[in-house]
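data-v9.txt (compact mmCIF, C-alpha atoms)
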# COMPACT_ATOMS: atom_id res chain seq x y z
CA MET W 84 110.83 -4.05 135.98
CA ASN W 85 109.14 -1.29 134.00
CA ASN W 86 109.09 -0.57 130.26
CA ILE W 87 112.19 1.64 130.11
CA VAL W 88 114.06 0.45 127.03
CA LEU W 89 116.94 2.92 127.37
CA ALA W 90 118.05 5.31 130.12
CA ARG W 91 120.69 7.67 128.72
CA VAL W 92 122.72 10.61 129.98
CA ASP W 93 123.11 13.04 127.10
CA ASN W 94 123.49 16.76 127.73
CA ARG W 95 121.89 17.51 124.34
CA LEU W 96 118.76 15.48 125.21
CA VAL W 97 116.61 15.32 122.04
CA HIS W 98 118.89 15.59 118.99
CA GLY W 99 119.95 13.71 115.86
CA GLN W 100 121.54 10.66 117.51
CA ILE W 101 118.43 10.11 119.61
CA VAL W 102 115.96 10.70 116.79
CA VAL W 103 117.85 8.92 114.02
CA TYR W 104 119.79 6.13 115.73
CA TRP W 105 118.56 5.31 119.22
CA SER W 106 114.84 5.61 118.53
CA LYS W 107 115.21 3.11 115.69
CA GLU W 108 117.32 0.82 117.85
CA VAL W 109 115.03 0.66 120.91
CA GLU W 110 111.70 1.54 119.22
CA PRO W 111 110.13 3.61 122.01
CA HIS W 112 106.55 4.78 122.13
CA ARG W 113 107.49 7.63 124.45
CA ILE W 114 110.55 9.81 124.98
CA ALA W 115 110.82 11.11 128.54
CA ILE W 116 113.13 13.87 129.69
CA VAL W 117 113.41 13.42 133.45
CA ASP W 118 114.70 16.67 134.87
CA GLU W 119 113.55 18.88 137.74
CA VAL W 120 114.91 22.10 136.19
CA ILE W 121 113.69 21.63 132.61
CA ALA W 122 110.26 20.50 133.82
CA LYS W 123 109.79 23.97 135.35
CA ASP W 124 110.98 25.88 132.26
CA ASP W 125 108.08 26.30 129.82
CA ALA W 126 110.28 27.72 127.05
CA MET W 127 112.72 24.79 127.18
CA LYS W 128 109.86 22.29 127.37
CA MET W 129 108.41 23.77 124.18
CA ILE W 130 111.78 23.59 122.42
CA TYR W 131 112.29 19.91 123.30
CA LYS W 132 108.72 19.00 122.39
CA LEU W 133 109.20 20.65 118.99
CA ALA W 134 112.48 18.77 118.49
CA ALA W 135 110.92 15.37 119.19
CA PRO W 136 109.49 13.43 116.26
CA LYS W 137 105.70 13.58 116.15
CA ASN W 138 105.35 9.78 116.09
CA TYR W 139 106.54 9.57 119.74
CA LYS W 140 104.71 10.67 122.84
CA MET W 141 106.77 13.14 124.84
CA SER W 142 107.03 13.71 128.59
CA ILE W 143 109.14 16.28 130.40
CA LEU W 144 108.76 15.69 134.10
CA PRO W 145 110.59 16.02 137.41
CA PRO W 146 111.90 12.68 138.70
CA ARG W 147 109.30 12.17 141.44
CA LYS W 148 106.36 12.71 139.03
CA PHE W 149 107.87 10.41 136.40
CA ILE W 150 108.53 7.67 138.97
CA ASP W 151 104.99 8.02 140.34
CA ASN W 152 103.57 7.78 136.81
CA LEU W 153 105.61 4.64 136.14
CA ASN W 154 104.64 3.01 139.41
CA SER W 155 100.93 3.80 138.94
CA GLY W 156 100.93 2.17 135.50
CA LYS W 157 100.10 5.42 133.71
CA TYR W 158 102.25 4.48 130.72
CA GLY W 159 100.82 0.96 130.42
CA ASN W 160 102.91 -1.14 128.04
CA GLU W 161 104.58 1.84 126.35
CA ARG W 162 108.28 1.41 125.63
CA ILE W 163 110.04 4.43 127.13
CA LEU W 164 113.36 6.06 126.22
CA VAL W 165 114.47 8.12 129.24
CA LEU W 166 116.90 11.01 128.87
CA PHE W 167 118.86 12.82 131.56
CA GLN W 168 120.83 16.01 130.94
CA SER W 169 123.58 15.14 133.39
CA VAL W 170 125.08 12.35 135.47
CA GLU W 171 123.99 14.16 138.62
CA ARG W 172 120.35 14.31 137.51
CA ALA W 173 120.35 10.64 136.46
CA CYS W 174 121.81 9.59 139.81
CA GLN W 175 119.26 11.75 141.61
CA ALA W 176 116.37 9.98 139.85
CA ILE W 177 117.85 6.55 140.55
CA GLU W 178 118.37 7.42 144.22
CA MET W 179 114.72 8.56 144.34
CA GLY W 180 113.68 5.07 143.26
CA LEU W 181 113.75 5.01 139.45
CA GLU W 182 114.49 1.42 138.52
CA ILE W 183 116.47 0.93 135.34
CA GLU W 184 118.27 -2.09 133.98
CA SER W 185 121.30 -0.03 133.02
CA LEU W 186 122.44 3.58 132.61
CA GLN W 187 124.01 4.59 129.32
CA LEU W 188 126.46 7.48 129.24
CA GLY W 189 126.02 8.81 125.73
CA ASN W 190 127.33 12.35 125.66
CA CYS W 191 129.03 14.16 128.50
CA PRO W 192 131.02 17.07 127.05
CA ARG W 193 134.56 18.17 127.77
CA THR W 194 135.02 21.17 130.06
CA GLU W 195 137.94 22.51 132.08
CA GLU W 196 136.74 20.47 135.08
CA THR W 197 136.46 17.09 133.36
CA PHE W 198 138.68 14.13 132.54
CA ALA W 199 138.23 11.68 129.66
CA ALA W 200 136.49 8.46 130.63
CA CYS W 201 136.66 7.48 126.94
CA ASP W 202 136.88 9.37 123.64
CA TYR W 203 133.43 10.97 124.01
CA ILE W 204 132.58 10.85 127.72
CA PHE W 205 134.08 13.46 130.01
CA LEU W 206 133.35 13.37 133.73
CA THR W 207 133.87 15.71 136.63
CA GLU W 208 135.20 14.25 139.87
CA LYS W 209 131.67 14.62 141.27
CA ASP W 210 130.19 12.70 138.30
CA TYR W 211 132.81 10.00 138.76
CA THR W 212 132.12 9.69 142.49
CA LEU W 213 128.35 9.48 141.92
CA LEU W 214 128.75 6.83 139.22
CA GLU W 215 131.27 4.85 141.25
CA ALA W 216 128.84 4.76 144.19
CA LEU W 217 125.96 3.75 141.93
CA SER W 218 128.08 1.03 140.33
CA GLY W 219 129.07 -0.16 143.80
CA LYS W 220 125.38 -0.68 144.58
CA GLY W 221 125.07 -2.96 141.55
CA GLN W 222 123.74 -0.51 138.94
CA LYS W 223 124.96 -1.42 135.45
CA ILE W 224 126.56 1.59 133.76
CA TYR W 225 128.16 1.74 130.34
CA MET W 226 129.34 4.24 127.74
CA GLN W 227 128.07 4.12 124.17
CA SER W 228 127.60 6.99 121.75
CA THR W 229 125.64 5.29 118.97
CA PRO W 230 124.19 1.79 118.53
CA GLY W 231 127.09 0.91 116.21
CA ASP W 232 129.69 1.70 118.88
CA ARG W 233 130.78 -0.95 121.34
CA ARG W 234 129.59 -0.70 124.92
CA ILE W 235 132.34 0.25 127.34
CA PRO W 236 131.53 -0.86 130.89
CA PHE W 237 131.99 1.88 133.48
CA GLU W 238 133.96 -0.59 135.62
CA THR W 239 136.85 -0.31 133.18
CA VAL W 240 137.06 3.41 133.94
CA ILE W 241 137.04 2.84 137.69
CA GLY W 242 140.29 0.89 137.58
CA LYS W 243 142.05 3.27 135.21
CA HIS W 244 140.92 6.44 136.97
CA ASN W 245 141.81 5.16 140.44
CA ASN W 246 145.30 4.30 139.17
CA THR W 247 145.83 7.79 137.73
CA LYS W 248 144.77 9.44 141.01
CA LYS W 249 147.53 7.71 143.01
Represent the structure contained in this file as structure tokens.
Amino acid sequence: MNNIVLARVDNRLVHGQIVVYWSKEVEPHRIAIVDEVIAKDDAMKMIYKLAAPKNYKMSILPPRKFIDNLNSGKYGNERILVLFQSVERACQAIEMGLEIESLQLGNCPRTEETFAACDYIFLTEKDYTLLEALSGKGQKIYMQSTPGDRRIPFETVIGKHNNTKK
């Protein structure tokens, strides 16, 4: 396994909860935003790099490049906090070969197309289907907003959501 200490879906990416709570909890050396779209947007890359604390190295890369860097040993023994902007982008990276111990759903906002998986995680049917498939392949997935919140296993949502769809 690699040195990824947290892989989190959070549409806000680098923000207060990451900087104040999660970085203290997992003590990363590097924060990595793994996202094909953001990696091509120089303005957004600058914004996220400015938002990140200066005591952490920062990477904003497409999934393939990040995976290649990990596999080549580019990051050495660095502890890495990986952020994904959406469930779809996290699943894409995992399907491309990113190996993570578990996937944390930290902030997925409410929209007209979503349902509540818990008080702070809202999923589209597509998100749910992607996560259900990933979970079925053995990937650990859980919901947790801050380190002080309890972890809610995604499996608990599968049963409840499947019952409400009948």
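With distances restricted to all atoms listed in the file, W:Arg172 is the closest residue to Val92 in chain W from W:Arg193, W:Arg172, W:Lys220, W:Lys148.
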Query - Gap from CA of Leu89 in chain W to CA of Val120 in chain W - Å, one decimal - result: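 Straight-line distance from CA of Leu89 in chain W to CA of Val120 in chain W works out to 21.2 Å.
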Query raised in the report: Using all atoms listed in the file, can you list as a list in words the residues within 12 Å of (105.6, 4.3, 140.0)?
Result: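 Every residue inside that radius is included here: Met84, Asn85, Asn86, Pro146, Arg147, Lys148, Phe149, Ile150, Asp151, Asn152, Leu153, Asn154, Ser155, Gly156, Lys157, Tyr158, Gly159, Met179, Gly180, Leu181 and Glu182 of chain W.
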Report task. Please identify all polymer residues within 9 Å of Lys132 in chain W, counting all atoms listed in the file, omitting same-chain residues fewer than 5 positions from it, and present them as a ChimeraX atom specification. Result -> /W:97,127,137,141-143
**Report entry** CA of Leu188 in chain W to CA of Phe167 in chain W, straight-line distance in Å
**Finding:** 9.6 Å
**Report entry** Nearby residues, (125.2, -3.4, 141.5) file frame, 12 Å, all atoms listed in the file, as a list of chain:residue names
**Finding:** W:Ile183, W:Glu184, W:Ser185, W:Leu186, W:Leu214, W:Glu215, W:Ala216, W:Leu217, W:Ser218, W:Gly219, W:Lys220, W:Gly221, W:Gln222, W:Lys223, W:Ile224, W:Phe237, W:Glu238
Requested in this report: Go ahead and compute the interatomic distance for CA of Met226 in chain W and CA of Tyr203 in chain W, in Å to one decimal.
Outcome: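 Distance between the two atoms: 8.7 Å.
In terms of minimum interatomic distance to Glu110 in chain W, W:Val88 ranks closest within W:Ala122, W:Ile235, W:Val88, W:Leu144, counting all atoms listed in the file.
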Query - For Thr197 in chain W: contacts at 8 Å, all atoms listed in the file, fewer than 6 positions along chain excluded, given as a ChimeraX atom specification - result: /W:205-208
For range 168-188 of chain W, supply N, CA and C atoms and report the output as a JSON list (two decimals), keeping the file's coordinate frame.
[["chain", "number", "residue", "atom", "x", "y", "z"],
["W", 168, "GLN", "N", 119.87, 15.03, 131.45],
["W", 168, "GLN", "CA", 120.83, 16.01, 130.94],
["W", 168, "GLN", "C", 122.21, 15.87, 131.56],
["W", 169, "SER", "N", 122.28, 15.26, 132.73],
["W", 169, "SER", "CA", 123.58, 15.14, 133.39],
["W", 169, "SER", "C", 123.64, 13.87, 134.24],
["W", 170, "VAL", "N", 124.85, 13.49, 134.58],
["W", 170, "VAL", "CA", 125.08, 12.35, 135.47],
["W", 170, "VAL", "C", 124.40, 12.62, 136.81],
["W", 171, "GLU", "N", 124.57, 13.81, 137.32],
["W", 171, "GLU", "CA", 123.99, 14.16, 138.62],
["W", 171, "GLU", "C", 122.47, 13.98, 138.62],
["W", 172, "ARG", "N", 121.81, 14.42, 137.57],
["W", 172, "ARG", "CA", 120.35, 14.31, 137.51],
["W", 172, "ARG", "C", 119.90, 12.86, 137.33],
["W", 173, "ALA", "N", 120.67, 12.07, 136.60],
["W", 173, "ALA", "CA", 120.35, 10.64, 136.46],
["W", 173, "ALA", "C", 120.49, 9.95, 137.81],
["W", 174, "CYS", "N", 121.58, 10.21, 138.50],
["W", 174, "CYS", "CA", 121.81, 9.59, 139.81],
["W", 174, "CYS", "C", 120.74, 10.01, 140.80],
["W", 175, "GLN", "N", 120.32, 11.26, 140.73],
["W", 175, "GLN", "CA", 119.26, 11.75, 141.61],
["W", 175, "GLN", "C", 117.98, 10.94, 141.40],
["W", 176, "ALA", "N", 117.59, 10.73, 140.15],
["W", 176, "ALA", "CA", 116.37, 9.98, 139.85],
["W", 176, "ALA", "C", 116.48, 8.53, 140.31],
["W", 177, "ILE", "N", 117.63, 7.93, 140.13],
["W", 177, "ILE", "CA", 117.85, 6.55, 140.55],
["W", 177, "ILE", "C", 117.80, 6.45, 142.08],
["W", 178, "GLU", "N", 118.41, 7.40, 142.75],
["W", 178, "GLU", "CA", 118.37, 7.42, 144.22],
["W", 178, "GLU", "C", 116.95, 7.63, 144.74],
["W", 179, "MET", "N", 116.12, 8.33, 143.96],
["W", 179, "MET", "CA", 114.72, 8.56, 144.34],
["W", 179, "MET", "C", 113.85, 7.32, 144.10],
["W", 180, "GLY", "N", 114.42, 6.31, 143.45],
["W", 180, "GLY", "CA", 113.68, 5.07, 143.26],
["W", 180, "GLY", "C", 113.40, 4.67, 141.83],
["W", 181, "LEU", "N", 113.93, 5.41, 140.85],
["W", 181, "LEU", "CA", 113.75, 5.01, 139.45],
["W", 181, "LEU", "C", 114.54, 3.73, 139.21],
["W", 182, "GLU", "N", 113.84, 2.70, 138.78],
["W", 182, "GLU", "CA", 114.49, 1.42, 138.52],
["W", 182, "GLU", "C", 114.78, 1.29, 137.03],
["W", 183, "ILE", "N", 116.05, 1.12, 136.73],
["W", 183, "ILE", "CA", 116.47, 0.93, 135.34],
["W", 183, "ILE", "C", 117.40, -0.28, 135.28],
["W", 184, "GLU", "N", 117.38, -0.95, 134.15],
["W", 184, "GLU", "CA", 118.27, -2.09, 133.98],
["W", 184, "GLU", "C", 119.72, -1.63, 133.92],
["W", 185, "SER", "N", 119.95, -0.56, 133.15],
["W", 185, "SER", "CA", 121.30, -0.03, 133.02],
["W", 185, "SER", "C", 121.23, 1.46, 132.68],
["W", 186, "LEU", "N", 122.33, 2.15, 132.92],
["W", 186, "LEU", "CA", 122.44, 3.58, 132.61],
["W", 186, "LEU", "C", 123.50, 3.74, 131.53],
["W", 187, "GLN", "N", 123.09, 4.35, 130.44],
["W", 187, "GLN", "CA", 124.01, 4.59, 129.32],
["W", 187, "GLN", "C", 124.53, 6.02, 129.41],
["W", 188, "LEU", "N", 125.84, 6.16, 129.36],
["W", 188, "LEU", "CA", 126.46, 7.48, 129.24],
["W", 188, "LEU", "C", 126.71, 7.70, 127.76]]
